[in-house]
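Trainee: Below you'll find start_16.cif; it's mmCIF, C-alpha atoms and all ligand atoms.
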```cif
data_query
loop_
_atom_site.group_PDB
_atom_site.id
_atom_site.type_symbol
_atom_site.label_atom_id
_atom_site.label_comp_id
_atom_site.auth_asym_id
_atom_site.auth_seq_id
_atom_site.Cartn_x
_atom_site.Cartn_y
_atom_site.Cartn_z
ATOM 1 C CA MET A 1 -12.731 18.024 -24.735
ATOM 2 C CA LYS A 2 -15.387 20.626 -23.958
ATOM 3 C CA PHE A 3 -13.933 22.988 -21.363
ATOM 4 C CA GLU A 4 -16.003 24.137 -18.380
ATOM 5 C CA THR A 5 -13.458 25.797 -16.107
ATOM 6 C CA ILE A 6 -10.902 27.212 -18.529
ATOM 7 C CA VAL A 7 -10.991 29.095 -21.796
ATOM 8 C CA MET A 8 -8.576 27.748 -24.377
ATOM 9 C CA GLU A 9 -7.587 29.957 -27.270
ATOM 10 C CA ILE A 10 -5.199 29.356 -30.130
ATOM 11 C CA ASN A 11 -3.774 32.642 -31.363
ATOM 12 C CA GLU A 12 -1.531 32.134 -34.435
ATOM 13 C CA ASN A 13 1.306 29.932 -33.157
ATOM 14 C CA ILE A 14 0.597 30.161 -29.419
ATOM 15 C CA MET A 15 -2.008 28.647 -27.090
ATOM 16 C CA ILE A 16 -3.568 30.513 -24.168
ATOM 17 C CA VAL A 17 -5.282 28.893 -21.180
ATOM 18 C CA THR A 18 -7.383 31.294 -19.098
ATOM 19 C CA ILE A 19 -8.496 29.854 -15.769
ATOM 20 C CA ASN A 20 -12.137 30.834 -15.597
ATOM 21 C CA ARG A 21 -13.729 30.534 -12.189
ATOM 22 C CA PRO A 22 -13.895 34.242 -11.360
ATOM 23 C CA LYS A 23 -16.452 34.133 -8.521
ATOM 24 C CA MET A 24 -14.111 31.867 -6.554
ATOM 25 C CA LEU A 25 -11.020 33.872 -7.513
ATOM 26 C CA ASN A 26 -10.006 30.944 -9.718
ATOM 27 C CA ALA A 27 -9.699 28.569 -6.759
ATOM 28 C CA LEU A 28 -8.258 25.393 -8.243
ATOM 29 C CA ASN A 29 -10.202 22.160 -8.332
ATOM 30 C CA SER A 30 -9.654 18.826 -10.029
ATOM 31 C CA LYS A 31 -11.646 19.875 -13.102
ATOM 32 C CA ILE A 32 -9.372 22.882 -13.692
ATOM 33 C CA ALA A 33 -6.374 20.579 -13.332
ATOM 34 C CA GLU A 34 -7.783 18.054 -15.804
ATOM 35 C CA GLU A 35 -8.710 20.691 -18.392
ATOM 36 C CA THR A 36 -5.542 22.758 -18.066
ATOM 37 C CA ILE A 37 -3.290 19.741 -18.379
ATOM 38 C CA TYR A 38 -5.266 18.363 -21.320
ATOM 39 C CA ALA A 39 -4.981 21.731 -23.145
ATOM 40 C CA LEU A 40 -1.245 21.971 -22.450
ATOM 41 C CA GLN A 41 -0.587 18.396 -23.550
ATOM 42 C CA GLU A 42 -2.552 18.864 -26.782
ATOM 43 C CA ALA A 43 -0.619 22.070 -27.518
ATOM 44 C CA ASP A 44 2.640 20.270 -26.769
ATOM 45 C CA LYS A 45 1.755 17.722 -29.489
ATOM 46 C CA ASN A 46 0.517 20.359 -31.954
ATOM 47 C CA ASP A 47 3.233 21.167 -34.527
ATOM 48 C CA ASN A 48 1.777 24.630 -35.113
ATOM 49 C CA ILE A 49 2.113 25.747 -31.478
ATOM 50 C CA GLY A 50 5.458 27.018 -30.220
ATOM 51 C CA CYS A 51 4.642 28.426 -26.791
ATOM 52 C CA MET A 52 1.794 28.482 -24.249
ATOM 53 C CA ILE A 53 0.442 31.019 -21.785
ATOM 54 C CA ILE A 54 -1.476 30.343 -18.574
ATOM 55 C CA THR A 55 -3.378 33.279 -17.147
ATOM 56 C CA GLY A 56 -6.334 34.088 -14.900
ATOM 57 C CA SER A 57 -8.450 37.167 -14.294
ATOM 58 C CA GLU A 58 -7.339 40.669 -13.409
ATOM 59 C CA LYS A 59 -8.150 40.011 -9.715
ATOM 60 C CA ALA A 60 -6.743 36.501 -9.446
ATOM 61 C CA PHE A 61 -4.378 34.283 -11.365
ATOM 62 C CA ALA A 62 -5.552 31.646 -8.855
ATOM 63 C CA ALA A 63 -6.186 32.033 -5.106
ATOM 64 C CA GLY A 64 -4.991 28.500 -4.401
ATOM 65 C CA ALA A 65 -6.546 25.088 -4.158
ATOM 66 C CA ASP A 66 -10.286 25.086 -3.509
ATOM 67 C CA ILE A 67 -10.437 25.028 0.281
ATOM 68 C CA LYS A 68 -14.158 24.254 0.262
ATOM 69 C CA GLU A 69 -13.578 21.203 -1.948
ATOM 70 C CA MET A 70 -10.676 19.721 -0.005
ATOM 71 C CA ARG A 71 -11.496 20.585 3.611
ATOM 72 C CA GLU A 72 -13.478 17.447 4.468
ATOM 73 C CA HIS A 73 -11.063 14.941 2.933
ATOM 74 C CA SER A 74 -9.323 12.473 5.215
ATOM 75 C CA PHE A 75 -5.669 11.535 4.949
ATOM 76 C CA ALA A 76 -6.630 8.200 3.396
ATOM 77 C CA GLU A 77 -8.747 9.917 0.727
ATOM 78 C CA MET A 78 -6.048 12.468 -0.122
ATOM 79 C CA TYR A 79 -3.495 9.672 -0.351
ATOM 80 C CA GLN A 80 -5.691 7.287 -2.355
ATOM 81 C CA LEU A 81 -6.766 10.040 -4.746
ATOM 82 C CA ASN A 82 -3.147 11.148 -4.946
ATOM 83 C CA TRP A 83 -4.895 14.482 -4.735
ATOM 84 C CA PHE A 84 -3.616 17.223 -7.029
ATOM 85 C CA ALA A 85 -0.575 15.171 -8.106
ATOM 86 C CA GLU A 86 -1.762 15.651 -11.700
ATOM 87 C CA TRP A 87 -0.559 19.272 -11.613
ATOM 88 C CA ASP A 88 2.998 17.909 -11.674
ATOM 89 C CA GLN A 89 2.437 17.030 -15.321
ATOM 90 C CA ILE A 90 2.925 20.704 -16.160
ATOM 91 C CA SER A 91 6.615 20.191 -15.556
ATOM 92 C CA GLN A 92 6.624 17.445 -18.242
ATOM 93 C CA ILE A 93 5.481 19.860 -20.969
ATOM 94 C CA ARG A 94 8.369 20.340 -23.394
ATOM 95 C CA LYS A 95 7.401 23.642 -24.980
ATOM 96 C CA PRO A 96 7.839 26.823 -22.926
ATOM 97 C CA ILE A 97 4.950 28.042 -20.779
ATOM 98 C CA ILE A 98 4.535 31.653 -19.692
ATOM 99 C CA ALA A 99 2.471 32.513 -16.601
ATOM 100 C CA ALA A 100 0.809 35.909 -17.084
ATOM 101 C CA VAL A 101 -0.062 36.823 -13.508
ATOM 102 C CA SER A 102 -2.390 39.565 -12.337
ATOM 103 C CA GLY A 103 -3.819 39.735 -8.812
ATOM 104 C CA TYR A 104 -3.593 36.825 -6.410
ATOM 105 C CA ALA A 105 -1.261 33.904 -7.120
ATOM 106 C CA LEU A 106 -1.580 32.119 -3.806
ATOM 107 C CA GLY A 107 -0.906 28.595 -2.609
ATOM 108 C CA GLY A 108 -1.478 26.221 -5.531
ATOM 109 C CA GLY A 109 -1.824 29.309 -7.770
ATOM 110 C CA CYS A 110 1.681 30.453 -6.880
ATOM 111 C CA GLU A 111 2.948 26.894 -7.360
ATOM 112 C CA ILE A 112 1.477 26.655 -10.863
ATOM 113 C CA ALA A 113 3.145 29.944 -11.765
ATOM 114 C CA LEU A 114 6.402 28.505 -10.373
ATOM 115 C CA MET A 115 6.014 25.434 -12.618
ATOM 116 C CA CYS A 116 5.848 27.691 -15.674
ATOM 117 C CA ASP A 117 9.054 28.774 -17.396
ATOM 118 C CA ILE A 118 8.632 32.550 -17.365
ATOM 119 C CA ILE A 119 6.429 34.654 -15.085
ATOM 120 C CA ILE A 120 5.299 38.016 -16.417
ATOM 121 C CA ALA A 121 3.408 39.932 -13.740
ATOM 122 C CA SER A 122 1.141 42.927 -13.701
ATOM 123 C CA LYS A 123 1.713 45.644 -11.093
ATOM 124 C CA THR A 124 -1.123 44.206 -8.968
ATOM 125 C CA ALA A 125 0.258 40.654 -8.851
ATOM 126 C CA VAL A 126 0.604 39.186 -5.359
ATOM 127 C CA PHE A 127 2.427 35.941 -4.658
ATOM 128 C CA GLY A 128 2.228 33.839 -1.537
ATOM 129 C CA GLN A 129 2.148 30.435 0.120
ATOM 130 C CA PRO A 130 -0.402 31.079 2.892
ATOM 131 C CA GLU A 131 -1.176 27.390 3.532
ATOM 132 C CA ILE A 132 0.294 27.588 7.032
ATOM 133 C CA SER A 133 -2.683 29.718 8.099
ATOM 134 C CA LEU A 134 -4.972 26.802 7.096
ATOM 135 C CA GLY A 135 -2.947 24.341 9.136
ATOM 136 C CA ILE A 136 -1.290 22.791 6.090
ATOM 137 C CA MET A 137 1.762 23.380 3.886
ATOM 138 C CA PRO A 138 2.432 23.791 0.146
ATOM 139 C CA GLY A 139 1.790 20.573 -1.773
ATOM 140 C CA ILE A 140 2.769 21.001 -5.426
ATOM 141 C CA GLY A 141 6.326 22.148 -5.125
ATOM 142 C CA GLY A 142 6.033 25.475 -3.280
ATOM 143 C CA SER A 143 8.510 24.624 -0.552
ATOM 144 C CA GLN A 144 10.931 23.270 -3.171
ATOM 145 C CA ARG A 145 10.702 25.509 -6.242
ATOM 146 C CA LEU A 146 10.196 28.748 -4.307
ATOM 147 C CA THR A 147 13.257 27.985 -2.171
ATOM 148 C CA ARG A 148 15.427 27.308 -5.213
ATOM 149 C CA ILE A 149 14.270 30.512 -6.879
ATOM 150 C CA ILE A 150 14.200 33.091 -4.066
ATOM 151 C CA GLY A 151 16.484 31.423 -1.524
ATOM 152 C CA LYS A 152 15.982 29.823 1.872
ATOM 153 C CA SER A 153 15.441 32.836 4.092
ATOM 154 C CA LYS A 154 12.752 34.501 1.971
ATOM 155 C CA ALA A 155 11.043 31.175 1.209
ATOM 156 C CA MET A 156 11.032 30.249 4.902
ATOM 157 C CA GLU A 157 9.616 33.626 5.848
ATOM 158 C CA MET A 158 6.891 33.512 3.202
ATOM 159 C CA CYS A 159 5.866 29.908 3.895
ATOM 160 C CA LEU A 160 6.154 30.066 7.689
ATOM 161 C CA THR A 161 4.321 33.375 8.128
ATOM 162 C CA GLY A 162 2.067 33.319 5.060
ATOM 163 C CA ARG A 163 3.287 36.807 4.138
ATOM 164 C CA LEU A 164 2.357 37.850 0.621
ATOM 165 C CA MET A 165 4.871 39.326 -1.787
ATOM 166 C CA ASP A 166 3.955 42.109 -4.204
ATOM 167 C CA ALA A 167 5.086 42.241 -7.810
ATOM 168 C CA GLU A 168 7.968 44.606 -7.151
ATOM 169 C CA GLU A 169 9.455 42.396 -4.431
ATOM 170 C CA ALA A 170 8.865 39.310 -6.587
ATOM 171 C CA GLU A 171 10.806 40.872 -9.446
ATOM 172 C CA LYS A 172 13.681 41.852 -7.149
ATOM 173 C CA ALA A 173 13.732 38.313 -5.746
ATOM 174 C CA GLY A 174 13.997 36.781 -9.230
ATOM 175 C CA LEU A 175 10.555 35.156 -9.129
ATOM 176 C CA VAL A 176 9.208 37.315 -11.904
ATOM 177 C CA ALA A 177 10.880 38.080 -15.231
ATOM 178 C CA ARG A 178 9.159 41.397 -15.812
ATOM 179 C CA ILE A 179 6.413 43.646 -14.414
ATOM 180 C CA VAL A 180 4.071 45.460 -16.781
ATOM 181 C CA SER A 181 0.885 47.454 -16.318
ATOM 182 C CA ASN A 182 -2.419 45.551 -16.114
ATOM 183 C CA GLU A 183 -3.586 46.949 -19.434
ATOM 184 C CA ILE A 184 -0.719 45.456 -21.412
ATOM 185 C CA LEU A 185 -0.116 42.225 -19.461
ATOM 186 C CA MET A 186 -1.651 39.907 -22.039
ATOM 187 C CA GLU A 187 -0.205 41.827 -24.978
ATOM 188 C CA GLU A 188 3.293 41.522 -23.477
ATOM 189 C CA ALA A 189 2.800 37.838 -22.663
ATOM 190 C CA LYS A 190 1.544 37.156 -26.188
ATOM 191 C CA ASN A 191 4.434 39.084 -27.775
ATOM 192 C CA THR A 192 6.911 37.129 -25.676
ATOM 193 C CA ALA A 193 5.199 33.828 -26.527
ATOM 194 C CA LYS A 194 5.121 34.664 -30.243
ATOM 195 C CA LYS A 195 8.789 35.640 -30.195
ATOM 196 C CA ILE A 196 9.664 32.265 -28.649
ATOM 197 C CA ALA A 197 7.335 30.458 -31.069
ATOM 198 C CA SER A 198 9.080 32.100 -34.031
ATOM 199 C CA PHE A 199 12.311 30.203 -33.349
ATOM 200 C CA SER A 200 13.258 26.619 -34.155
ATOM 201 C CA LYS A 201 11.137 24.331 -31.956
ATOM 202 C CA PRO A 202 13.874 21.729 -31.412
ATOM 203 C CA ALA A 203 16.295 24.499 -30.376
ATOM 204 C CA VAL A 204 13.743 26.088 -28.028
ATOM 205 C CA GLN A 205 12.872 22.766 -26.411
ATOM 206 C CA MET A 206 16.487 21.705 -25.966
ATOM 207 C CA LEU A 207 17.202 25.080 -24.386
ATOM 208 C CA LYS A 208 14.260 24.739 -21.969
ATOM 209 C CA GLU A 209 15.462 21.253 -21.073
ATOM 210 C CA SER A 210 18.988 22.512 -20.502
ATOM 211 C CA ILE A 211 17.946 25.394 -18.225
ATOM 212 C CA ASN A 212 15.686 23.072 -16.240
ATOM 213 C CA ARG A 213 18.540 20.594 -15.894
ATOM 214 C CA SER A 214 20.411 23.233 -13.872
ATOM 215 C CA TYR A 215 17.914 22.638 -11.046
ATOM 216 C CA GLU A 216 18.549 18.927 -10.943
ATOM 217 C CA THR A 217 22.245 18.370 -11.408
ATOM 218 C CA SER A 218 25.714 19.582 -10.483
ATOM 219 C CA LEU A 219 27.260 22.470 -12.404
ATOM 220 C CA SER A 220 29.797 20.241 -14.189
ATOM 221 C CA GLU A 221 27.119 17.712 -15.231
ATOM 222 C CA GLY A 222 24.844 20.555 -16.332
ATOM 223 C CA ILE A 223 27.588 22.096 -18.446
ATOM 224 C CA ARG A 224 28.341 18.695 -20.031
ATOM 225 C CA PHE A 225 24.625 18.222 -20.769
ATOM 226 C CA GLU A 226 24.427 21.702 -22.308
ATOM 227 C CA ARG A 227 27.477 21.024 -24.496
ATOM 228 C CA ARG A 228 26.038 17.729 -25.784
ATOM 229 C CA LEU A 229 22.777 19.463 -26.734
ATOM 230 C CA PHE A 230 24.743 22.293 -28.320
ATOM 231 C CA HIS A 231 26.692 19.805 -30.466
ATOM 232 C CA ALA A 232 23.456 17.965 -31.334
ATOM 233 C CA MET A 233 21.958 21.190 -32.673
ATOM 234 C CA PHE A 234 24.432 21.033 -35.552
ATOM 235 C CA SER A 235 22.466 18.084 -36.904
ATOM 236 C CA THR A 236 19.392 20.266 -37.473
ATOM 237 C CA ILE A 237 18.399 22.001 -40.697
ATOM 238 C CA ASP A 238 17.384 24.970 -38.559
ATOM 239 C CA GLN A 239 20.964 25.502 -37.377
ATOM 240 C CA LYS A 240 22.168 25.619 -40.989
ATOM 241 C CA GLU A 241 19.309 27.937 -41.929
ATOM 242 C CA GLY A 242 19.778 30.223 -38.909
ATOM 243 C CA MET A 243 23.461 30.721 -39.578
ATOM 244 C CA LEU A 244 23.030 31.052 -43.362
ATOM 245 C CA ALA A 245 20.333 33.683 -42.777
ATOM 246 C CA PHE A 246 22.763 35.634 -40.615
ATOM 247 C CA VAL A 247 25.448 35.509 -43.325
ATOM 248 C CA GLU A 248 22.918 36.499 -45.994
ATOM 249 C CA LYS A 249 21.564 39.304 -43.769
ATOM 250 C CA ARG A 250 17.966 38.095 -43.832
ATOM 251 C CA GLU A 251 15.381 36.642 -41.446
ATOM 252 C CA ALA A 252 15.747 32.915 -40.832
ATOM 253 C CA ASN A 253 12.989 30.650 -42.057
ATOM 254 C CA PHE A 254 12.886 27.858 -39.479
ATOM 255 C CA THR A 255 11.159 24.587 -40.375
ATOM 256 C CA ASP A 256 11.590 22.803 -37.028
ATOM 257 C CA LYS A 257 13.737 20.168 -38.689
HETATM 258 N N1 LIG B 301 -10.748 28.150 -2.039
HETATM 259 C C1 LIG B 301 -12.113 28.269 -2.063
HETATM 260 N N2 LIG B 301 -12.732 29.458 -2.193
HETATM 261 C C2 LIG B 301 -11.987 30.557 -2.302
HETATM 262 C C3 LIG B 301 -10.568 30.513 -2.264
HETATM 263 C C4 LIG B 301 -9.937 29.231 -2.123
HETATM 264 N N3 LIG B 301 -8.615 29.062 -2.125
HETATM 265 N N4 LIG B 301 -10.101 31.772 -2.381
HETATM 266 C C5 LIG B 301 -11.179 32.577 -2.480
HETATM 267 N N5 LIG B 301 -12.315 31.845 -2.439
HETATM 268 C C6 LIG B 301 -13.688 32.317 -2.532
HETATM 269 C C7 LIG B 301 -14.151 32.973 -1.228
HETATM 270 O O1 LIG B 301 -14.574 31.995 -0.303
HETATM 271 C C8 LIG B 301 -15.292 33.840 -1.730
HETATM 272 O O2 LIG B 301 -16.410 33.019 -1.956
HETATM 273 P P1 LIG B 301 -17.884 33.456 -1.438
HETATM 274 O O3 LIG B 301 -17.727 33.747 0.006
HETATM 275 O O4 LIG B 301 -18.171 34.698 -2.247
HETATM 276 O O5 LIG B 301 -18.756 32.300 -1.776
HETATM 277 C C9 LIG B 301 -14.810 34.305 -3.080
HETATM 278 O O6 LIG B 301 -13.790 33.370 -3.492
HETATM 279 C C10 LIG B 301 -14.158 35.694 -3.043
HETATM 280 O O7 LIG B 301 -13.150 35.673 -2.060
HETATM 281 P P2 LIG B 301 -13.081 36.755 -0.843
HETATM 282 O O8 LIG B 301 -14.412 37.279 -0.527
HETATM 283 O O9 LIG B 301 -12.298 36.130 0.248
HETATM 284 O O10 LIG B 301 -12.230 37.901 -1.569
HETATM 285 P P3 LIG B 301 -11.251 38.959 -0.889
HETATM 286 O O11 LIG B 301 -10.891 39.912 -1.975
HETATM 287 O O12 LIG B 301 -11.841 39.509 0.364
HETATM 288 O O13 LIG B 301 -9.952 38.135 -0.450
HETATM 289 C C11 LIG B 301 -8.144 36.517 -0.798
HETATM 290 C C12 LIG B 301 -9.136 37.561 -1.430
HETATM 291 C C13 LIG B 301 -7.414 35.826 -1.937
HETATM 292 C C14 LIG B 301 -7.155 37.259 0.086
HETATM 293 C C15 LIG B 301 -8.963 35.511 0.057
HETATM 294 O O14 LIG B 301 -10.064 35.010 -0.738
HETATM 295 C C16 LIG B 301 -8.148 34.347 0.517
HETATM 296 O O15 LIG B 301 -7.377 34.467 1.494
HETATM 297 N N6 LIG B 301 -8.288 33.187 -0.121
HETATM 298 C C17 LIG B 301 -7.635 31.958 0.305
HETATM 299 C C18 LIG B 301 -6.174 31.988 -0.088
HETATM 300 C C19 LIG B 301 -5.458 30.736 0.355
HETATM 301 O O16 LIG B 301 -5.387 30.418 1.565
HETATM 302 N N7 LIG B 301 -4.878 29.987 -0.603
HETATM 303 C C20 LIG B 301 -4.217 28.747 -0.305
HETATM 304 C C21 LIG B 301 -5.200 27.627 -0.423
HETATM 305 S S1 LIG B 301 -4.465 26.062 0.052
HETATM 306 C C22 LIG B 301 -1.374 19.611 -2.580
HETATM 307 C C23 LIG B 301 -1.414 20.404 -3.661
HETATM 308 C C24 LIG B 301 -1.740 21.740 -3.550
HETATM 309 C C25 LIG B 301 -2.068 22.280 -2.340
HETATM 310 C C26 LIG B 301 -2.000 21.488 -1.232
HETATM 311 C C27 LIG B 301 -1.660 20.144 -1.355
HETATM 312 N N8 LIG B 301 -1.034 18.218 -2.689
HETATM 313 C C28 LIG B 301 -0.607 17.697 -3.988
HETATM 314 C C29 LIG B 301 -1.036 17.382 -1.597
HETATM 315 C C30 LIG B 301 -2.463 23.673 -2.277
HETATM 316 C C31 LIG B 301 -3.086 24.201 -1.220
HETATM 317 C C32 LIG B 301 -3.623 25.567 -1.309
HETATM 318 O O17 LIG B 301 -3.501 26.258 -2.289
#
```
Could you rewrite the structure in this file as C-alpha cells?
Ligand code: DAK
Mentor:
Amino acid sequence: MKFETIVMEINENIMIVTINRPKMLNALNSKIAEETIYALQEADKNDNIGCMIITGSEKAFAAGADIKEMREHSFAEMYQLNWFAEWDQISQIRKPIIAAVSGYALGGGCEIALMCDIIIASKTAVFGQPEISLGIMPGIGGSQRLTRIIGKSKAMEMCLTGRLMDAEEAEKAGLVARIVSNEILMEEAKNTAKKIASFSKPAVQMLKESINRSYETSLSEGIRFERRLFHAMFSTIDQKEGMLAFVEKREANFTDK
C-alpha cells in the first residue's frame, strides 16, 4: 500500500507509524484509519518486527476525529458506514504498541493512545475527551477505557466538562507510563520498543494477552489464565534458552520458538 496520510518506517526490529496530517493537527479520517491499521497488521505478521510505535507531530498526536468530515453525516449514514469502527482493530494487534504522544491527544486521538499498550508522553502532551462540547460523546472506547484506567470520577469530569489533562496529571492518574522531554520522546519510545522487541516474541505476546485479560475477567479467572500461559511457556525453546543464559551468565539468544 502506498501511504498518503501516515509515514511508515521500519527501524531494525520495530515499526513506527507517524500520523502525517500536520495542517489539520492530525485530525483523523477514514484514510488514516485504513493506512494505520494496514501498517499495524502487516507488522503484526512480520517475523522481524517485535514492537510498534504510533506517533504524531510535536504539536499534535491527533486532535480527534475530523469534525469537518463527519459533521454532515446523518445517523443512518454513520450506522450504515459503521463509521470509525475499524479503529477497534488496533486492539486485535498481538504485538505491543507504544503511543509516543506530544501535544494534543484529543477525542479519537486520546482513544487511539488508550488502545495502545504503553503511552510515553512528552512534557507538552495534553489528553482529553472534548466531544461533549460538539454535542456528541466518545465513540471508540473513551468512556470505557479511560474510566477503567483513571477511575470514574476523573473520567466523568473529563468527559462531561471536556477538561484537558496535562502530561503531569496524566502520569499521576496512571494514563501515561512516563514523561520525557520533547527532544528525546522518539528516542525513548524507540529504546523501549527495541527493548521489548529483543525478547522472545511468544513470551511478549502471551504477556500482553495476559495483562489485557485483566480488563475483561474476574481476578481469579485472570490469575488462572496467567498460570496456564506461564505453564505453556515451558514448552518454548526460548524459555530453555533464557534460563540457560542466566545460568551461563550470558545474554539470551531468543529465536521466537
Ligand atoms: N477536525 C477537523 N479539523 C481540525 C480538528 C478536528 N478534530 N482539530 C483541528 N483542526 C483544524 C482546525 O480547524 C484548523 O484548520 P484551519 O482552520 O487552519 O483550516 C487547524 O486544524 C489548526 O487548528 P486550530 O487553528 O484550531 O489550532 P489551535 O492551536 O488554535 O487549537 C485545538 C488546537 C486542538 C485546541 C483545536 O484545534 C481544537 O479544539 N480542535 C478540536 C478538538 C476536538 O474537539 N476533538 C474531538 C473531535 S470529535 C466514533 C469514533 C470516534 C469519535 C466519535 C465517534 N464512533 C465509532 C461512532 C471521535 C470523535 C472526536 O474525536
Trainee: A:Glu69, A:Glu42, A:Glu9, A:Asp256: which is nearest Ile54 in chain A, counting all atoms listed in the file?
Mentor: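 Counting all atoms listed in the file, the residue closest to Ile54 in chain A is A:Glu9.
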Trainee: Do you have the CA of Ser102 in chain A-CA of Lys154 in chain A distance handy?
Mentor: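 Computed distance, CA of Ser102 in chain A to CA of Lys154 in chain A, equals 21.4 Å.
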Trainee: Any chance you could work out the residue set of the PyMOL selection byres (((chain A and resi 92) around 12) and not hetatm) here, as a PyMOL selection string?
Mentor: chain A and resi 37+40-41+44+86-91+93-97+115-117+205+208-209+212
Trainee: Okay, now the selection with C-alpha atoms, as a tab-separated table (two decimals), in the coordinates of the input?
Mentor:
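Contents of part08.tsv, freshly written:
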```tsv
chain	number	residue	atom	x	y	z
A	37	ILE	CA	-3.29	19.74	-18.38
A	40	LEU	CA	-1.25	21.97	-22.45
A	41	GLN	CA	-0.59	18.40	-23.55
A	44	ASP	CA	2.64	20.27	-26.77
A	86	GLU	CA	-1.76	15.65	-11.70
A	87	TRP	CA	-0.56	19.27	-11.61
A	88	ASP	CA	3.00	17.91	-11.67
A	89	GLN	CA	2.44	17.03	-15.32
A	90	ILE	CA	2.92	20.70	-16.16
A	91	SER	CA	6.62	20.19	-15.56
A	93	ILE	CA	5.48	19.86	-20.97
A	94	ARG	CA	8.37	20.34	-23.39
A	95	LYS	CA	7.40	23.64	-24.98
A	96	PRO	CA	7.84	26.82	-22.93
A	97	ILE	CA	4.95	28.04	-20.78
A	115	MET	CA	6.01	25.43	-12.62
A	116	CYS	CA	5.85	27.69	-15.67
A	117	ASP	CA	9.05	28.77	-17.40
A	205	GLN	CA	12.87	22.77	-26.41
A	208	LYS	CA	14.26	24.74	-21.97
A	209	GLU	CA	15.46	21.25	-21.07
A	212	ASN	CA	15.69	23.07	-16.24
```
Trainee: Which residue is closest to Arg213 in chain A? Choose from A:Phe225, A:Phe127, A:Lys59, A:Trp83 and count all atoms listed in the file.
Mentor: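 Counting all atoms listed in the file, the residue closest to Arg213 in chain A is A:Phe225.
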Trainee: Considering all atoms listed in the file, can you say which of A:Thr217, A:Ser181, A:Gln129, A:Ser235 comes closest to Thr161 in chain A?
Mentor: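 Among A:Thr217, A:Ser181, A:Gln129, A:Ser235, it is A:Gln129 that comes nearest to Thr161 in chain A.
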Trainee: Please define a box with edges along x, y and z of the file around all atoms of ligand LIG 301 (chain B) given in the file, extend it by 4 Å on each side, and return its centre and edge lengths in Å to one decimal, as JSON.
Mentor:
```
{"center_x": -9.7, "center_y": 28.6, "center_z": -1.2, "size_x": 26.1, "size_y": 30.5, "size_z": 13.6}
```
Trainee: For ligand LIG 301 (chain B), return the neighbouring residues as an MDAnalysis selection string (distance at most 6 Å; only C-alpha atoms and all ligand atoms).
Mentor: chainID A and resid 23:25 27 63:68 83:85 104 106:108 130:131 138:140
Trainee: Go ahead and save the picked residues with C-alpha atoms, as a CSV table (one decimal), in the coordinates of the input.
Mentor:
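To be explicit, this is the file written out as part-v3.csv:
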```csv
chain,number,residue,atom,x,y,z
A,23,LYS,CA,-16.5,34.1,-8.5
A,24,MET,CA,-14.1,31.9,-6.6
A,25,LEU,CA,-11.0,33.9,-7.5
A,27,ALA,CA,-9.7,28.6,-6.8
A,63,ALA,CA,-6.2,32.0,-5.1
A,64,GLY,CA,-5.0,28.5,-4.4
A,65,ALA,CA,-6.5,25.1,-4.2
A,66,ASP,CA,-10.3,25.1,-3.5
A,67,ILE,CA,-10.4,25.0,0.3
A,68,LYS,CA,-14.2,24.3,0.3
A,83,TRP,CA,-4.9,14.5,-4.7
A,84,PHE,CA,-3.6,17.2,-7.0
A,85,ALA,CA,-0.6,15.2,-8.1
A,104,TYR,CA,-3.6,36.8,-6.4
A,106,LEU,CA,-1.6,32.1,-3.8
A,107,GLY,CA,-0.9,28.6,-2.6
A,108,GLY,CA,-1.5,26.2,-5.5
A,130,PRO,CA,-0.4,31.1,2.9
A,131,GLU,CA,-1.2,27.4,3.5
A,138,PRO,CA,2.4,23.8,0.1
A,139,GLY,CA,1.8,20.6,-1.8
A,140,ILE,CA,2.8,21.0,-5.4
```
Trainee: In terms of the shortest atom-to-atom distance over all atoms listed in the file, which of A:Ser133, A:Ala173, A:Asn46, A:Ala167 is closest to Lys152 in chain A?
Mentor: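 Looking at the shortest contact to Lys152 in chain A, the residue is A:Ala173.
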Trainee: Can you tell me how far CA of Thr236 in chain A sits from CA of Asn13 in chain A, in Å to one decimal?
Mentor: 21.0 Å
Trainee: Under the rule that all atoms listed in the file are counted, which of A:Ile118, A:Ile112, A:Met137, A:Met243 is the nearest residue to Ile211 in chain A?
Mentor: A:Ile118
Trainee: Can you pull out every residue within 7 Å of Leu185 in chain A, counting only C-alpha atoms, but drop anything in the same chain fewer than 5 positions away, and send it as number ranges by chain?
Mentor: A: 100, 122, 180
Trainee: What separation in Å, quoted to one decimal, exists between CA of Glu216 in chain A and CA of Glu111 in chain A?
Mentor: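 Computing it gives 17.9 Å between the two atoms.
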Trainee: Apply the PyMOL selection byres (((chain A and resi 188) around 12) and not hetatm) to the file shown and report the selected residues as a list in words.
Mentor: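 For this structure, the PyMOL selection byres (((chain A and resi 188) around 12) and not hetatm) resolves to Ile53, Ile98, Ala99, Ala100, Val101, Ile119, Ile120, Ala121, Ser122, Ala177, Arg178, Ile179, Val180, Ser181, Asn182, Glu183, Ile184, Leu185, Met186, Glu187, Ala189, Lys190, Asn191, Thr192, Ala193, Lys194 and Lys195 of chain A.
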Trainee: Neighbouring residues of His231 in chain A were defined as those with any atom within 12 Å, considering all atoms listed in the file; residues of the same chain fewer than 6 positions away were excluded. Please report them as a PyMOL selection string.
Mentor: chain A and resi 203+206+224-225+239
Trainee: Can you write out as CSV which residues of range 170-198 of chain A fall within 12 Å of range 146-151 of chain A, alongside each residue's closest atom pair and its distance in Å to one decimal, counting only C-alpha atoms and ordering rows by chain and ascending residue number?
Mentor:
```
residue,atom,partner,partner_atom,distance
A:Ala170,CA,A:Ile150,CA,8.6
A:Glu171,CA,A:Ile150,CA,10.1
A:Lys172,CA,A:Ile150,CA,9.3
A:Ala173,CA,A:Ile150,CA,5.5
A:Gly174,CA,A:Ile150,CA,6.4
A:Leu175,CA,A:Ile149,CA,6.4
A:Val176,CA,A:Ile149,CA,9.9
A:Ala177,CA,A:Ile149,CA,11.8
```
Trainee: From the set A:Ile196, A:Ala105, A:Ala113, A:Ile132, which residue has the shortest atom-to-atom contact distance to Asp166 in chain A, counting only C-alpha atoms?
Mentor: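 For Asp166 in chain A, the nearest of the given residues is A:Ala105.
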Trainee: Please return, as a list of chain:residue names, all polymer residues that have at least one atom within 8 Å of the point (-5.1, 31.9, -19.2); use only C-alpha atoms and the file's own coordinate frame.
Mentor: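 Here is the list of nearby residues: A:Ile6, A:Val7, A:Met8, A:Ile16, A:Val17, A:Thr18, A:Ile19, A:Asn20, A:Ile53, A:Ile54, A:Thr55, A:Gly56, A:Ser57, A:Ala100.
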